[in-house]
Amino acid sequence: MEKAERDYKRSQQLLRDKLISQEVYDDTKTAYDLAVNALERAKRDLALTDEELTKTVVRAPFDCSILTRPISTGQAVSGSGGFNSGTRC
C-alpha cells in the first residue's frame, strides 16, 4: 500500500511536469486504487475473523484438566486416543 501510494504521488508530480504519459499515470493510479481496495478488504476480513473469534468456545467432551500441548500453526490437533484427524490450527 505504501509503495503504491508513493508511486502514485510521484506519478502525479511527473505528469504535472509532463515527464510521463497519461497512460503511465493511469496505470499507477489503477495500481494505487487496487492497493487501497485490498487494504480495505483485508481490514473487513480481520474484523469478521475477530468477531468469529469472540464467539469461539473450547469445550471438552468430559471432565478433565487442560494441559499445554505445543503445536505449530497448520499442525493437526487431536486427543491422545482421538478417532478423527483433528482440527487445523
# chains A, B, ... in the order shown; residues from 1 in each chain; ligands from 1

$ select_by_dssp --residues "chain A" --states "alpha helix (DSSP H)" --output "ChimeraX atom specification"
/A:2-16,22-54

$ write_last_selection --atoms "N, CA and C atoms" --output "compact mmCIF listing (two decimals), in the first residue's frame"
# COMPACT_ATOMS: atom_id res chain seq x y z
N GLU A 2 1.89 1.25 0.87
CA GLU A 2 2.77 2.42 0.97
C GLU A 2 3.53 2.66 -0.33
N LYS A 3 4.01 1.59 -0.95
CA LYS A 3 4.74 1.73 -2.21
C LYS A 3 3.81 2.24 -3.30
N ALA A 4 2.60 1.69 -3.36
CA ALA A 4 1.64 2.15 -4.38
C ALA A 4 1.31 3.62 -4.18
N GLU A 5 1.20 4.05 -2.91
CA GLU A 5 0.90 5.46 -2.64
C GLU A 5 2.07 6.36 -3.05
N ARG A 6 3.30 5.94 -2.73
CA ARG A 6 4.48 6.71 -3.14
C ARG A 6 4.56 6.82 -4.66
N ASP A 7 4.35 5.69 -5.34
CA ASP A 7 4.41 5.69 -6.81
C ASP A 7 3.34 6.60 -7.39
N TYR A 8 2.15 6.57 -6.81
CA TYR A 8 1.05 7.40 -7.31
C TYR A 8 1.36 8.89 -7.14
N LYS A 9 1.85 9.26 -5.97
CA LYS A 9 2.19 10.67 -5.73
C LYS A 9 3.31 11.13 -6.66
N ARG A 10 4.30 10.26 -6.86
CA ARG A 10 5.40 10.58 -7.77
C ARG A 10 4.88 10.74 -9.20
N SER A 11 3.97 9.87 -9.59
CA SER A 11 3.40 9.96 -10.94
C SER A 11 2.58 11.23 -11.12
N GLN A 12 1.89 11.66 -10.08
CA GLN A 12 1.14 12.92 -10.18
C GLN A 12 2.08 14.08 -10.49
N GLN A 13 3.19 14.13 -9.77
CA GLN A 13 4.16 15.21 -9.99
C GLN A 13 4.78 15.12 -11.38
N LEU A 14 5.14 13.91 -11.78
CA LEU A 14 5.75 13.74 -13.09
C LEU A 14 4.78 14.08 -14.22
N LEU A 15 3.50 13.78 -14.02
CA LEU A 15 2.51 14.13 -15.04
C LEU A 15 2.34 15.65 -15.12
N ARG A 16 2.32 16.33 -13.98
CA ARG A 16 2.23 17.79 -13.97
C ARG A 16 3.41 18.43 -14.71
N GLN A 22 0.12 10.04 -20.00
CA GLN A 22 -1.14 9.84 -19.27
C GLN A 22 -1.36 8.35 -18.99
N GLU A 23 -0.95 7.51 -19.93
CA GLU A 23 -1.12 6.07 -19.77
C GLU A 23 -0.33 5.54 -18.57
N VAL A 24 0.90 5.99 -18.43
CA VAL A 24 1.72 5.56 -17.29
C VAL A 24 1.10 6.04 -15.99
N TYR A 25 0.61 7.28 -15.99
CA TYR A 25 -0.05 7.81 -14.80
C TYR A 25 -1.30 6.98 -14.47
N ASP A 26 -2.11 6.68 -15.49
CA ASP A 26 -3.33 5.90 -15.27
C ASP A 26 -3.02 4.51 -14.71
N ASP A 27 -1.96 3.88 -15.22
CA ASP A 27 -1.56 2.57 -14.70
C ASP A 27 -1.16 2.65 -13.23
N THR A 28 -0.43 3.71 -12.88
CA THR A 28 -0.02 3.89 -11.48
C THR A 28 -1.22 4.16 -10.59
N LYS A 29 -2.16 4.95 -11.07
CA LYS A 29 -3.37 5.24 -10.29
C LYS A 29 -4.20 3.98 -10.09
N THR A 30 -4.29 3.16 -11.13
CA THR A 30 -5.02 1.90 -11.01
C THR A 30 -4.37 0.99 -9.97
N ALA A 31 -3.04 0.89 -9.99
CA ALA A 31 -2.33 0.07 -9.00
C ALA A 31 -2.58 0.60 -7.59
N TYR A 32 -2.61 1.92 -7.43
CA TYR A 32 -2.88 2.51 -6.12
C TYR A 32 -4.30 2.20 -5.68
N ASP A 33 -5.28 2.36 -6.57
CA ASP A 33 -6.67 2.07 -6.24
C ASP A 33 -6.85 0.60 -5.85
N LEU A 34 -6.18 -0.30 -6.55
CA LEU A 34 -6.25 -1.72 -6.22
C LEU A 34 -5.65 -1.99 -4.84
N ALA A 35 -4.55 -1.32 -4.52
CA ALA A 35 -3.92 -1.49 -3.20
C ALA A 35 -4.84 -0.98 -2.09
N VAL A 36 -5.52 0.15 -2.33
CA VAL A 36 -6.47 0.68 -1.34
C VAL A 36 -7.61 -0.30 -1.13
N ASN A 37 -8.14 -0.85 -2.22
CA ASN A 37 -9.24 -1.82 -2.11
C ASN A 37 -8.80 -3.08 -1.37
N ALA A 38 -7.58 -3.55 -1.67
CA ALA A 38 -7.07 -4.75 -1.00
C ALA A 38 -6.91 -4.51 0.50
N LEU A 39 -6.44 -3.32 0.88
CA LEU A 39 -6.29 -3.00 2.29
C LEU A 39 -7.65 -2.94 2.99
N GLU A 40 -8.62 -2.31 2.36
CA GLU A 40 -9.96 -2.25 2.95
C GLU A 40 -10.58 -3.64 3.10
N ARG A 41 -10.39 -4.48 2.09
CA ARG A 41 -10.91 -5.85 2.15
C ARG A 41 -10.24 -6.63 3.27
N ALA A 42 -8.93 -6.46 3.43
CA ALA A 42 -8.20 -7.15 4.49
C ALA A 42 -8.67 -6.69 5.87
N LYS A 43 -8.96 -5.40 6.01
CA LYS A 43 -9.47 -4.88 7.29
C LYS A 43 -10.85 -5.47 7.60
N ARG A 44 -11.71 -5.57 6.57
CA ARG A 44 -13.03 -6.17 6.79
C ARG A 44 -12.91 -7.64 7.16
N ASP A 45 -12.01 -8.36 6.48
CA ASP A 45 -11.81 -9.77 6.79
C ASP A 45 -11.29 -9.95 8.22
N LEU A 46 -10.40 -9.07 8.64
CA LEU A 46 -9.88 -9.14 10.00
C LEU A 46 -10.99 -8.88 11.02
N ALA A 47 -11.84 -7.91 10.74
CA ALA A 47 -12.95 -7.61 11.65
C ALA A 47 -13.89 -8.81 11.76
N LEU A 48 -14.18 -9.46 10.63
CA LEU A 48 -15.05 -10.64 10.67
C LEU A 48 -14.40 -11.79 11.44
N THR A 49 -13.11 -11.97 11.24
CA THR A 49 -12.40 -13.03 11.96
C THR A 49 -12.37 -12.74 13.46
N ASP A 50 -12.14 -11.49 13.83
CA ASP A 50 -12.16 -11.12 15.25
C ASP A 50 -13.53 -11.37 15.85
N GLU A 51 -14.59 -11.05 15.11
CA GLU A 51 -15.94 -11.28 15.61
C GLU A 51 -16.21 -12.78 15.79
N GLU A 52 -15.79 -13.59 14.82
CA GLU A 52 -15.97 -15.04 14.94
C GLU A 52 -15.17 -15.59 16.12
N LEU A 53 -14.00 -15.04 16.36
CA LEU A 53 -13.16 -15.50 17.46
C LEU A 53 -13.82 -15.22 18.81
N THR A 54 -14.55 -14.10 18.94
CA THR A 54 -15.22 -13.80 20.20
C THR A 54 -16.35 -14.78 20.47

$ select_by_dssp --residues "chain A" --states "strand (DSSP E or B)" --output "PyMOL selection string"
chain A and resi 76-77+87-88

$ atom_distance --atom1 "atom CA of A:Met1" --atom2 "atom CA of A:Leu19"
23.9 Å
